[in-house]
Every structure is written in structure tokens, then in C-alpha cells.
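Q: Just dropping this structure here.
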Amino acid sequence: MRAAGLGLGILVGLTGAAQAHSPVPGIEGFYVGLLHPFSSPAQILLILGSGLLIGGFPRDRVRWLLAAFLAFSFAGLFWSGGDVSDTLAYIVAIATSALAAASANRLFPAAVGCVAVAGLLLGATSAPDGGLRWDRPVTMSGPFAGLNILMLYLSGCVVVLNERVQWAMLPVAFRIAAAWIAAISSMMLAINFAPDPSIAAL
Amino acid sequence: MTRAHPIAALVLLVMAAWFSPAAASAHSLGVDKAELIETAPGAYELLSKVPQRLAGAITTPVLPDRCTFEGSPRGERGSYQVLFRFTCETGLTSDDRLILPWKRDGALLTVHWFEQDPLTRLASRQGDAIVVDLEEYLAGSGSIAKAATRYTKLGFEHILEGLDHLLFVFALMIVVRNGWRLVKTITAFTIAHSITLALATLGYVNLPSAPVEATIALSIVFLCVEIVHAARGRISLTYRYPWIVAFAFGLLHGLGFAGALSEIGLPPNEIPIALLFFNIGVELGQLAFVFVILIALNLLSALRFGFPRWAELIPTYVLGTLAMYWTLERTAAIAGL
């Protein structure tokens, strides 16, 4: 009881310093972070490719893939080398969406690897820069929540549609979509390597 | 002695350069305090608080067409202020803007509307001038459509930034999982906060915000305790009649919303529009949150994510700890700690 009282006292003492803040310090950063995963084409392609790849698997495996994405996107937020090049992101996007297009269900370990690397890169590219000590955890939770909710929505929708819509062409449509994402990622990668004058000509 | 002269000249030159107006002009960019005061309906004073050396940067403001200067358009220049007086055929509205071609980075502008609480915002430089968009200082009084948009946006933003309100709704969603009961419970919460929001905005209820905010945090703690009790088999009134709890605490949350609404500056003749659309904004934000969570929960359920019994309580404990922290923080603020 005395310990509880002491703990309460310490907590009240600690909270006194924070009282000048708004109800939740960094909450604006949370919402900015929530949308941060959509801030570059590389990120969007990576998310779409990963979502289609995860959703293409049976639901007992989807759980593991989503868990891998969650764990690695969290790790990505703390990755010190967070300055991920677009080239790397496009390469992983190509691998991920090509795997989804190939519907390579037998290559589950490869899918786990792709999803994990995609999660790591997306986490790293979504990490906020700087920020106040107390605001930073709230701000960081924005991209983390945004990425994982989005991945759950994407892959969950693919799984649910595949199971509930009795249309033989639906899985094919998803594979075509994945192939398009792989193609767009390849094109973006090529543009990345192209000399500046040829990009200017575009 | 002959050597001393060039050195003395150099020192004088440096000092002259240091204290000369040219040196001051190097610091001429910055942000100063300014005030716009509505002394009577349609009569205004625009006051720039700058030291005399910077008064030259404060040039004649560009007013809406229906407004004219009283006295010199160059303003009355005092030792630490430049004052412009002007009148308008009809009062300034949220559709109006003042263009201040002042050579400053911005102005921390406090607006005192006639018989209303002052409101301070930073007006930033846009191109060649500081642009004061009065919409930022007075949500209503323009066109109804504009006021409606502004208040709806304000309500939507307020609920999304007020995480405590959302977490209360989230705790209600843990308590009530059944579709229809959830609709009834959320509706009870909505009705309740609409009642107190209206009463507080119209001035019938006036409670200090600090205890209200602390009690709002405590309402989340209360729900979390009920969830943990229910997990241990102790089903209480909250689980049998969740709408009663939602209604009771919704009354408190409405008082919290009223605080945000009063910050923007409400013209008395537009309180009904403000109330209606602020509430609509709050509802839209609340519904968006509920849908995001419901879709996520349904997808998790469709993917048959099985969580052990103990893990299901983790969100409740996280929520409860956070809410308890806010309760203590806000209580400490009341006590002045």
C-alpha cells in the first residue's frame, strides 16, 4: 500500500512537468505519420505489392506474413540507416509483386523474406525526423499504425474477396494487378538509373 | 600619436557601422505583435507593436473595399506602436482579408471582436505582404456555406486531435461488440455530448475546463476497469446497459468539445450554425474512427486471428494506463503541481 502511494506520488510529480502540453503531445505528428507511407511512389508500390503478395496466401499463412510485416516495420522505425534509397525500394517492390504475380504459394519462406524486407524498408522510410523526446513515440506510432492498418486492409480484402466472390477470374485479376505493379516498379527503377538529360526529355 | 589616429578611426568606423541604421536594418525581418480591435460594430483599430526604429516597415494596410481609414492612412506613429483606425460600412466577416505590406516575416495578431474574447494567431508572410485571412479568426459571419465548412472541419479536427474522446469511443467498442447495441450506445454518447455542447456554448452551463478534462480521462479509466471486471466474470450495469454509461459520460465529453468551439470566436448571431456544424464535424470524425476500427476488427476476425484470453486484455490495460496518466496529469494541473 505504501509502495502504491509512493508510486502514485512519483507519477503525480512526473506528470507535473508535462501539464503544459496539449492533451496528447505529438498528436498532429501522429496523423502526419499515418499518411507518411503514401509520400513516395516507391513506398506506394512496395505497399501494394506486399498487400497482394500477403493476400494471395491461404489465411493461416496470412497471419504469419502480417505478423512478420508488423515486427519488421516496427524494427524499421528504429533502423539507424533509415535513409533508404529508392533503388532498393523498387528492387524489393519488383521482387514482392513478381512473387505475387507468380502466385508462388510454394515459396512461402521467400514470401516471408520479401514481406519482412518490405516492412523494414517501409518502417525506415516512414520514421519521423527528430522531434521532441516526449512527442517522438506518439509521432512514430503514426506511421507504424498507418502501415499495419493499411496492410491489414489490403491483404484482408484480397483474402475475403478471394473466398467470398465466386468468380474464377478474380485470382487472375489480382495476379495481373501484381504484374502491373512489378512492371511499374521496373520502369521506375529504370528511370532511376537513366541519365538526367533523358529524364528531362520525358 | 600618429599611429593612434588610424586605430581610433578604425574603432570609430566599426562603432559607427555597429550602431548605424544600416546595422538595424539587418535585423528588420522578424515577427511582431499586432492587434485588431473592433471598438464598436464596424469600427476598427489595427495596432502594430514595433520599436520606433522599425516603424518605417509598417506601411499602409490594404483594406476591403467597403472600409476607409479614419485619419491618416499612414497611421499614428507612437514610440512603440503604429496605429491605424478604419471603419467599414458593414462589419468585417470571415470572407474578408487584410493585406499588410509590412516588411516583416509575420505578425502575432490578436483579434478582439466586439464584446468577445480575444483570439491570437500567427499571420505569416505570403510573398510581398502579410496576409490576414479573417476566416482564421472568425469562423462564422461570412457566407453560411463557408461557416458550415469551417465549423465542420473544426469539429472533425477536434475529435481526431482529442485522443481522449476517441479512446472513450474505442473502450465503448470493446464493451459493446454487437452491431445494433453499438449503434445505440454510440448514439446515446452523441446525443449526450450534443446536449452539453449546446448548453455550454449558449452559456447555460459554465464549468472550468481543467476538472472537466480530468474527469473525461477518468471516464476512460472507469470503462477499462469495467472491461477487466467483465473478463473476470463480474458483469455490471455498464455491460447490461452500456448506453446509460455512454450517455452519462457523453455529457462530460460535450463540455470538453465546447471549450474547443469557444476558442475560435463565435459571433452571437451564428451560434446555431456553429453548434450544428461543429457537432456534425465531431460526428463525422467519430464515425470515421468507428469505421476504421470496425473494418480492422472484422478483417482480423475474418483472418481468424486467435488471441489468447490474456492477450485480449492488453489493449484495455494500455488504454487504462494512458487514461490514468492523463487523469493524474490533469488533476495535478488543477492542484497547480
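FYI, nothing fancy with the C-alpha cells labels: chains A, B, ... in order, residues from 1 per chain, ligands from 1 as they appear.
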When you look at B:Phe114 with a cut-off of 10 Å (counting only C-alpha atoms), what residues show up, excluding the ones that are within fewer than 6 positions of it in the same chain? I need them as a list of chain:residue names.
A: B:Ile37, B:Glu38, B:Thr39, B:Ala40, B:Pro41, B:Gly42, B:Ala43, B:Tyr44, B:Pro267
Q: Include C-alpha atoms and write out the residues we just selected as a PDB file, in the first residue's frame.
A:
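Output contents, as saved in out_27.pdb:
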```
ATOM      1  CA  ILE B  37      -9.634  45.717 -32.144  1.00  0.00           C
ATOM      2  CA  GLU B  38     -13.292  46.141 -33.017  1.00  0.00           C
ATOM      3  CA  THR B  39     -14.048  49.146 -30.812  1.00  0.00           C
ATOM      4  CA  ALA B  40     -17.698  49.292 -31.935  1.00  0.00           C
ATOM      5  CA  PRO B  41     -19.586  47.416 -34.647  1.00  0.00           C
ATOM      6  CA  GLY B  42     -17.899  48.414 -37.911  1.00  0.00           C
ATOM      7  CA  ALA B  43     -15.116  50.491 -36.254  1.00  0.00           C
ATOM      8  CA  TYR B  44     -11.626  49.078 -36.002  1.00  0.00           C
ATOM      9  CA  PRO B 267     -20.294  35.702 -33.425  1.00  0.00           C
TER      10      PRO B 267
END
```
Q: Could you work out which residues of chain B fall inside 7 Å of chain A? Count only C-alpha atoms, and format the result as a compact mmCIF listing (two decimals) with N, CA and C atoms, in the first residue's frame.
A:
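Okay, result.txt is ready:
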```
# COMPACT_ATOMS: atom_id res chain seq x y z
N GLU B 161 -7.97 15.09 -32.99
CA GLU B 161 -6.84 15.51 -32.16
C GLU B 161 -7.09 15.23 -30.69
N GLY B 162 -8.37 15.16 -30.32
CA GLY B 162 -8.71 14.86 -28.93
C GLY B 162 -8.75 13.36 -28.74
N LEU B 163 -7.56 12.80 -28.55
CA LEU B 163 -7.46 11.34 -28.48
C LEU B 163 -8.27 10.76 -27.33
N ALA B 296 -11.11 -3.01 -39.38
CA ALA B 296 -9.91 -3.72 -38.95
C ALA B 296 -10.28 -4.94 -38.09
N LEU B 299 -11.79 -7.65 -40.26
CA LEU B 299 -10.78 -8.34 -41.07
C LEU B 299 -9.94 -9.29 -40.20
N LEU B 303 -9.75 -13.20 -40.80
CA LEU B 303 -8.47 -13.92 -40.97
C LEU B 303 -8.24 -14.90 -39.83
N PHE B 305 -7.63 -14.48 -36.67
CA PHE B 305 -6.53 -14.22 -35.74
C PHE B 305 -7.01 -14.66 -34.37
N LEU B 328 -4.07 11.75 -13.76
CA LEU B 328 -3.13 12.29 -12.77
C LEU B 328 -2.53 13.61 -13.26
N GLU B 329 -2.19 13.63 -14.54
CA GLU B 329 -1.59 14.84 -15.11
C GLU B 329 -2.54 16.03 -14.99
N ARG B 330 -3.80 15.77 -15.33
CA ARG B 330 -4.78 16.86 -15.33
C ARG B 330 -5.19 17.23 -13.89
N ALA B 332 -3.16 16.97 -11.37
CA ALA B 332 -2.00 17.74 -10.87
C ALA B 332 -2.07 19.18 -11.38
N ALA B 333 -2.55 19.34 -12.61
CA ALA B 333 -2.66 20.70 -13.17
C ALA B 333 -3.68 21.52 -12.39
N LEU B 337 0.30 21.67 -9.45
CA LEU B 337 1.60 21.00 -9.25
C LEU B 337 2.45 21.05 -10.50
```
Q: With only C-alpha atoms as the counted atoms, please give the residues lying no more than 10 Å from A:Phe108, apart from itself and same-chain residues fewer than 5 positions off, as an NGL selection string.
A: :A and (54 or 57 or 61 or 65 or 99 or 113-114)
Q: Restricting it to N, CA and C atoms, dump the selection as a PDB file, in the first residue's frame.
A:
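Written file, result-v3.pdb:
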```
ATOM      1  N   ILE A  54       0.735 -10.897 -49.712  1.00  0.00           N
ATOM      2  CA  ILE A  54       0.207 -11.478 -48.460  1.00  0.00           C
ATOM      3  C   ILE A  54      -1.192 -12.047 -48.702  1.00  0.00           C
ATOM      4  N   PHE A  57      -2.028 -15.656 -50.191  1.00  0.00           N
ATOM      5  CA  PHE A  57      -1.806 -16.901 -49.455  1.00  0.00           C
ATOM      6  C   PHE A  57      -3.072 -17.309 -48.691  1.00  0.00           C
ATOM      7  N   ARG A  61      -1.687 -18.772 -43.369  1.00  0.00           N
ATOM      8  CA  ARG A  61      -0.340 -18.244 -43.619  1.00  0.00           C
ATOM      9  C   ARG A  61      -0.330 -16.713 -43.618  1.00  0.00           C
ATOM     10  N   LEU A  65       2.473 -13.897 -42.177  1.00  0.00           N
ATOM     11  CA  LEU A  65       3.050 -12.832 -43.017  1.00  0.00           C
ATOM     12  C   LEU A  65       2.760 -11.458 -42.427  1.00  0.00           C
ATOM     13  N   LEU A  99       6.576 -12.049 -57.147  1.00  0.00           N
ATOM     14  CA  LEU A  99       6.205 -13.261 -56.393  1.00  0.00           C
ATOM     15  C   LEU A  99       4.681 -13.377 -56.304  1.00  0.00           C
ATOM     16  N   GLY A 113      10.393 -13.610 -46.428  1.00  0.00           N
ATOM     17  CA  GLY A 113      11.586 -12.769 -46.558  1.00  0.00           C
ATOM     18  C   GLY A 113      11.260 -11.446 -47.231  1.00  0.00           C
ATOM     19  N   CYS A 114      10.513 -11.541 -48.351  1.00  0.00           N
ATOM     20  CA  CYS A 114      10.157 -10.312 -49.087  1.00  0.00           C
ATOM     21  C   CYS A 114       9.329  -9.373 -48.221  1.00  0.00           C
TER      22      CYS A 114
END
```
Q: Measure the distance from atom CA of A:Met187 to atom CA of A:Ala101 in Å and round it to one decimal.
A: 16.6 Å
Q: Residues of stretch 158-189 of chain A that have any atom at most 8 Å from an atom of stretch 36-53 of chain A: could you tabulate them with the shortest-distance atom pair and the distance in Å to one decimal, using only C-alpha atoms, ordered by chain and increasing number, as CSV?
A:
```
residue,atom,partner,partner_atom,distance
A:Val158,CA,A:Leu52,CA,7.0
A:Phe174,CA,A:Leu52,CA,7.1
A:Ala178,CA,A:Gly49,CA,6.2
A:Ile181,CA,A:Leu45,CA,6.4
A:Ala182,CA,A:Gly49,CA,7.6
A:Ser185,CA,A:Leu45,CA,6.8
```
Q: So which residues touch B:Glu283 within 9 Å, counting only C-alpha atoms, skipping near sequence neighbours fewer than 3 positions away, as number ranges by chain?
A: B: 155-156, 159, 190, 278-280, 286-288
Q: Keeping only N, CA and C atoms, write those residues as a compact mmCIF listing (two decimals), in the first residue's frame.
A:
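Result went into again-v2.txt, see below:
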```
# COMPACT_ATOMS: atom_id res chain seq x y z
N GLY B 155 -14.77 20.71 -36.08
CA GLY B 155 -15.29 19.59 -35.28
C GLY B 155 -14.57 18.30 -35.62
N PHE B 156 -14.35 18.07 -36.91
CA PHE B 156 -13.68 16.85 -37.37
C PHE B 156 -12.25 16.81 -36.81
N ILE B 159 -12.11 16.25 -32.86
CA ILE B 159 -12.29 14.87 -32.34
C ILE B 159 -11.07 14.02 -32.68
N THR B 190 -23.52 10.38 -28.53
CA THR B 190 -23.67 11.54 -29.42
C THR B 190 -24.72 12.51 -28.89
N PHE B 278 -20.32 22.18 -36.09
CA PHE B 278 -19.23 21.66 -35.27
C PHE B 278 -19.60 20.24 -34.82
N ASN B 279 -20.86 20.08 -34.42
CA ASN B 279 -21.33 18.76 -33.98
C ASN B 279 -21.30 17.76 -35.13
N ILE B 280 -21.68 18.22 -36.33
CA ILE B 280 -21.64 17.33 -37.49
C ILE B 280 -20.19 16.89 -37.75
N GLN B 286 -15.95 10.95 -35.53
CA GLN B 286 -16.24 9.79 -34.68
C GLN B 286 -16.62 8.57 -35.55
N LEU B 287 -17.46 8.82 -36.55
CA LEU B 287 -17.87 7.72 -37.43
C LEU B 287 -16.69 7.17 -38.23
N ALA B 288 -15.83 8.09 -38.70
CA ALA B 288 -14.65 7.64 -39.46
C ALA B 288 -13.80 6.73 -38.59
```
Q: Show which residues sit within 6 Å of stretch 254-262 of chain B, as a list in words. Count only C-alpha atoms, and ignore same-chain residues fewer than 5 positions away.
A: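 These residues fall inside the cut-off: His193, Thr196, Leu197 and Thr201 of chain B.
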Q: Pull N, CA and C atoms from the residues just selected and write them as a short mmCIF file (atom, residue, chain, number, x, y, z; two decimals), in the first residue's frame.
A:
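As a result, out-v2.cif now contains:
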```cif
data_model
loop_
_atom_site.label_atom_id
_atom_site.label_comp_id
_atom_site.auth_asym_id
_atom_site.auth_seq_id
_atom_site.Cartn_x
_atom_site.Cartn_y
_atom_site.Cartn_z
N HIS B 193 -23.42 14.31 -25.71
CA HIS B 193 -22.42 15.38 -25.86
C HIS B 193 -22.98 16.55 -26.66
N THR B 196 -24.79 18.85 -23.93
CA THR B 196 -23.93 19.72 -23.10
C THR B 196 -23.12 20.69 -23.95
N LEU B 197 -22.80 20.27 -25.17
CA LEU B 197 -22.10 21.21 -26.06
C LEU B 197 -22.99 22.43 -26.31
N THR B 201 -22.18 26.16 -24.91
CA THR B 201 -21.95 27.21 -25.90
C THR B 201 -22.95 28.36 -25.73
#
```
Q: Show which residues sit within 10 Å of stretch 115-128 of chain B, as an MDAnalysis selection string. Count only C-alpha atoms, and ignore same-chain residues fewer than 4 positions away.
A: chainID B and resid 31:41 99:111 132:134 136:138 262:268
Q: Among the residues of stretch 26-155 of chain A, find those DSSP assigns to helix (DSSP H, G or I) from the backbone and print them as a PyMOL selection string.
A: chain A and resi 27-38+41-55+59-77+86-101+108-126+135-155
Q: Put those residues in a file: C-alpha atoms, as an mmCIF file, in the first residue's frame.
A:
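selection.cif, freshly written:
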```
data_model
loop_
_atom_site.group_PDB
_atom_site.id
_atom_site.type_symbol
_atom_site.label_atom_id
_atom_site.label_comp_id
_atom_site.auth_asym_id
_atom_site.auth_seq_id
_atom_site.Cartn_x
_atom_site.Cartn_y
_atom_site.Cartn_z
ATOM 1 C CA ILE A 27 -0.765 14.023 -31.950
ATOM 2 C CA GLU A 28 -0.512 16.214 -35.067
ATOM 3 C CA GLY A 29 2.636 14.267 -35.938
ATOM 4 C CA PHE A 30 0.682 11.042 -35.426
ATOM 5 C CA TYR A 31 -1.759 11.964 -38.193
ATOM 6 C CA VAL A 32 1.007 13.209 -40.467
ATOM 7 C CA GLY A 33 2.817 9.925 -39.820
ATOM 8 C CA LEU A 34 -0.354 7.963 -40.542
ATOM 9 C CA LEU A 35 -0.227 9.247 -44.119
ATOM 10 C CA HIS A 36 3.561 9.183 -44.388
ATOM 11 C CA PRO A 37 3.652 5.715 -46.035
ATOM 12 C CA PHE A 38 1.966 7.308 -49.080
ATOM 13 C CA PRO A 41 5.863 6.225 -55.432
ATOM 14 C CA ALA A 42 8.395 3.685 -54.124
ATOM 15 C CA GLN A 43 6.507 3.363 -50.855
ATOM 16 C CA ILE A 44 3.130 3.043 -52.564
ATOM 17 C CA LEU A 45 4.377 0.345 -54.959
ATOM 18 C CA LEU A 46 6.013 -1.526 -52.087
ATOM 19 C CA ILE A 47 2.794 -1.434 -50.055
ATOM 20 C CA LEU A 48 0.614 -2.561 -52.965
ATOM 21 C CA GLY A 49 2.997 -5.376 -53.921
ATOM 22 C CA SER A 50 3.253 -6.615 -50.352
ATOM 23 C CA GLY A 51 -0.521 -6.437 -49.831
ATOM 24 C CA LEU A 52 -1.205 -8.503 -52.941
ATOM 25 C CA LEU A 53 1.513 -11.000 -52.006
ATOM 26 C CA ILE A 54 0.207 -11.478 -48.460
ATOM 27 C CA GLY A 55 -3.425 -11.686 -49.582
ATOM 28 C CA ARG A 59 -5.488 -17.302 -44.353
ATOM 29 C CA ASP A 60 -3.499 -19.494 -41.914
ATOM 30 C CA ARG A 61 -0.340 -18.244 -43.619
ATOM 31 C CA VAL A 62 -1.571 -14.664 -43.958
ATOM 32 C CA ARG A 63 -1.387 -14.368 -40.173
ATOM 33 C CA TRP A 64 2.321 -15.188 -40.163
ATOM 34 C CA LEU A 65 3.050 -12.832 -43.017
ATOM 35 C CA LEU A 66 1.197 -9.980 -41.338
ATOM 36 C CA ALA A 67 2.997 -10.722 -38.071
ATOM 37 C CA ALA A 68 6.342 -10.587 -39.935
ATOM 38 C CA PHE A 69 5.374 -7.294 -41.547
ATOM 39 C CA LEU A 70 4.332 -5.865 -38.163
ATOM 40 C CA ALA A 71 7.570 -6.922 -36.450
ATOM 41 C CA PHE A 72 9.869 -5.701 -39.229
ATOM 42 C CA SER A 73 8.047 -2.416 -39.821
ATOM 43 C CA PHE A 74 8.457 -1.738 -36.088
ATOM 44 C CA ALA A 75 12.162 -2.574 -36.322
ATOM 45 C CA GLY A 76 12.427 -0.349 -39.415
ATOM 46 C CA LEU A 77 11.294 2.675 -37.434
ATOM 47 C CA ASP A 86 14.531 4.467 -53.914
ATOM 48 C CA THR A 87 16.557 1.960 -55.933
ATOM 49 C CA LEU A 88 16.474 -0.563 -53.098
ATOM 50 C CA ALA A 89 12.767 0.064 -52.503
ATOM 51 C CA TYR A 90 11.967 -0.516 -56.214
ATOM 52 C CA ILE A 91 14.041 -3.719 -56.302
ATOM 53 C CA VAL A 92 12.141 -5.107 -53.303
ATOM 54 C CA ALA A 93 8.844 -3.923 -54.839
ATOM 55 C CA ILE A 94 9.692 -5.832 -58.048
ATOM 56 C CA ALA A 95 10.588 -8.999 -56.102
ATOM 57 C CA THR A 96 7.462 -8.778 -53.932
ATOM 58 C CA SER A 97 4.980 -8.106 -56.718
ATOM 59 C CA ALA A 98 6.628 -10.623 -59.073
ATOM 60 C CA LEU A 99 6.205 -13.261 -56.393
ATOM 61 C CA ALA A 100 2.565 -12.229 -56.018
ATOM 62 C CA ALA A 101 2.062 -12.339 -59.793
ATOM 63 C CA PHE A 108 6.327 -19.307 -48.569
ATOM 64 C CA PRO A 109 9.796 -18.708 -46.986
ATOM 65 C CA ALA A 110 10.681 -16.398 -49.888
ATOM 66 C CA ALA A 111 7.398 -14.524 -49.357
ATOM 67 C CA VAL A 112 8.160 -14.149 -45.637
ATOM 68 C CA GLY A 113 11.586 -12.769 -46.558
ATOM 69 C CA CYS A 114 10.157 -10.312 -49.087
ATOM 70 C CA VAL A 115 7.438 -9.129 -46.709
ATOM 71 C CA ALA A 116 9.954 -8.747 -43.871
ATOM 72 C CA VAL A 117 12.344 -6.674 -46.005
ATOM 73 C CA ALA A 118 9.411 -4.611 -47.342
ATOM 74 C CA GLY A 119 8.256 -3.975 -43.744
ATOM 75 C CA LEU A 120 11.773 -2.982 -42.717
ATOM 76 C CA LEU A 121 12.179 -0.561 -45.633
ATOM 77 C CA LEU A 122 8.700 0.940 -45.213
ATOM 78 C CA GLY A 123 9.289 1.385 -41.485
ATOM 79 C CA ALA A 124 12.665 3.029 -42.131
ATOM 80 C CA THR A 125 11.337 5.401 -44.785
ATOM 81 C CA SER A 126 8.372 6.357 -42.591
ATOM 82 C CA ASP A 135 6.416 13.720 -28.850
ATOM 83 C CA ARG A 136 8.523 11.257 -30.772
ATOM 84 C CA PRO A 137 6.876 7.992 -29.573
ATOM 85 C CA VAL A 138 3.436 9.385 -30.435
ATOM 86 C CA THR A 139 4.689 10.611 -33.815
ATOM 87 C CA MET A 140 6.380 7.275 -34.543
ATOM 88 C CA SER A 141 3.251 5.346 -33.710
ATOM 89 C CA GLY A 142 1.509 7.167 -36.609
ATOM 90 C CA PRO A 143 3.408 5.538 -39.495
ATOM 91 C CA PHE A 144 3.500 2.247 -37.594
ATOM 92 C CA ALA A 145 -0.286 2.217 -37.201
ATOM 93 C CA GLY A 146 -0.813 3.561 -40.727
ATOM 94 C CA LEU A 147 1.400 0.932 -42.356
ATOM 95 C CA ASN A 148 -0.041 -2.018 -40.486
ATOM 96 C CA ILE A 149 -3.698 -0.998 -40.727
ATOM 97 C CA LEU A 150 -3.205 -0.429 -44.441
ATOM 98 C CA MET A 151 -1.529 -3.811 -44.891
ATOM 99 C CA LEU A 152 -4.321 -5.485 -42.918
ATOM 100 C CA TYR A 153 -6.928 -3.748 -45.110
ATOM 101 C CA LEU A 154 -5.195 -4.620 -48.372
ATOM 102 C CA SER A 155 -4.337 -8.229 -47.667
#
```
Q: Would you mind listing what lies within 9 Å of B:Ile174 as an mmCIF file with C-alpha atoms, in the first residue's frame, with only C-alpha atoms counted and same-chain residues fewer than 5 positions away left out?
A:
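out_4.cif, freshly written:
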```cif
data_model
loop_
_atom_site.group_PDB
_atom_site.id
_atom_site.type_symbol
_atom_site.label_atom_id
_atom_site.label_comp_id
_atom_site.auth_asym_id
_atom_site.auth_seq_id
_atom_site.Cartn_x
_atom_site.Cartn_y
_atom_site.Cartn_z
ATOM 1 C CA VAL B 169 -15.346 5.523 -28.006
ATOM 2 C CA ILE B 227 -13.865 -4.335 -19.063
ATOM 3 C CA THR B 316 -7.578 -2.400 -22.223
#
```
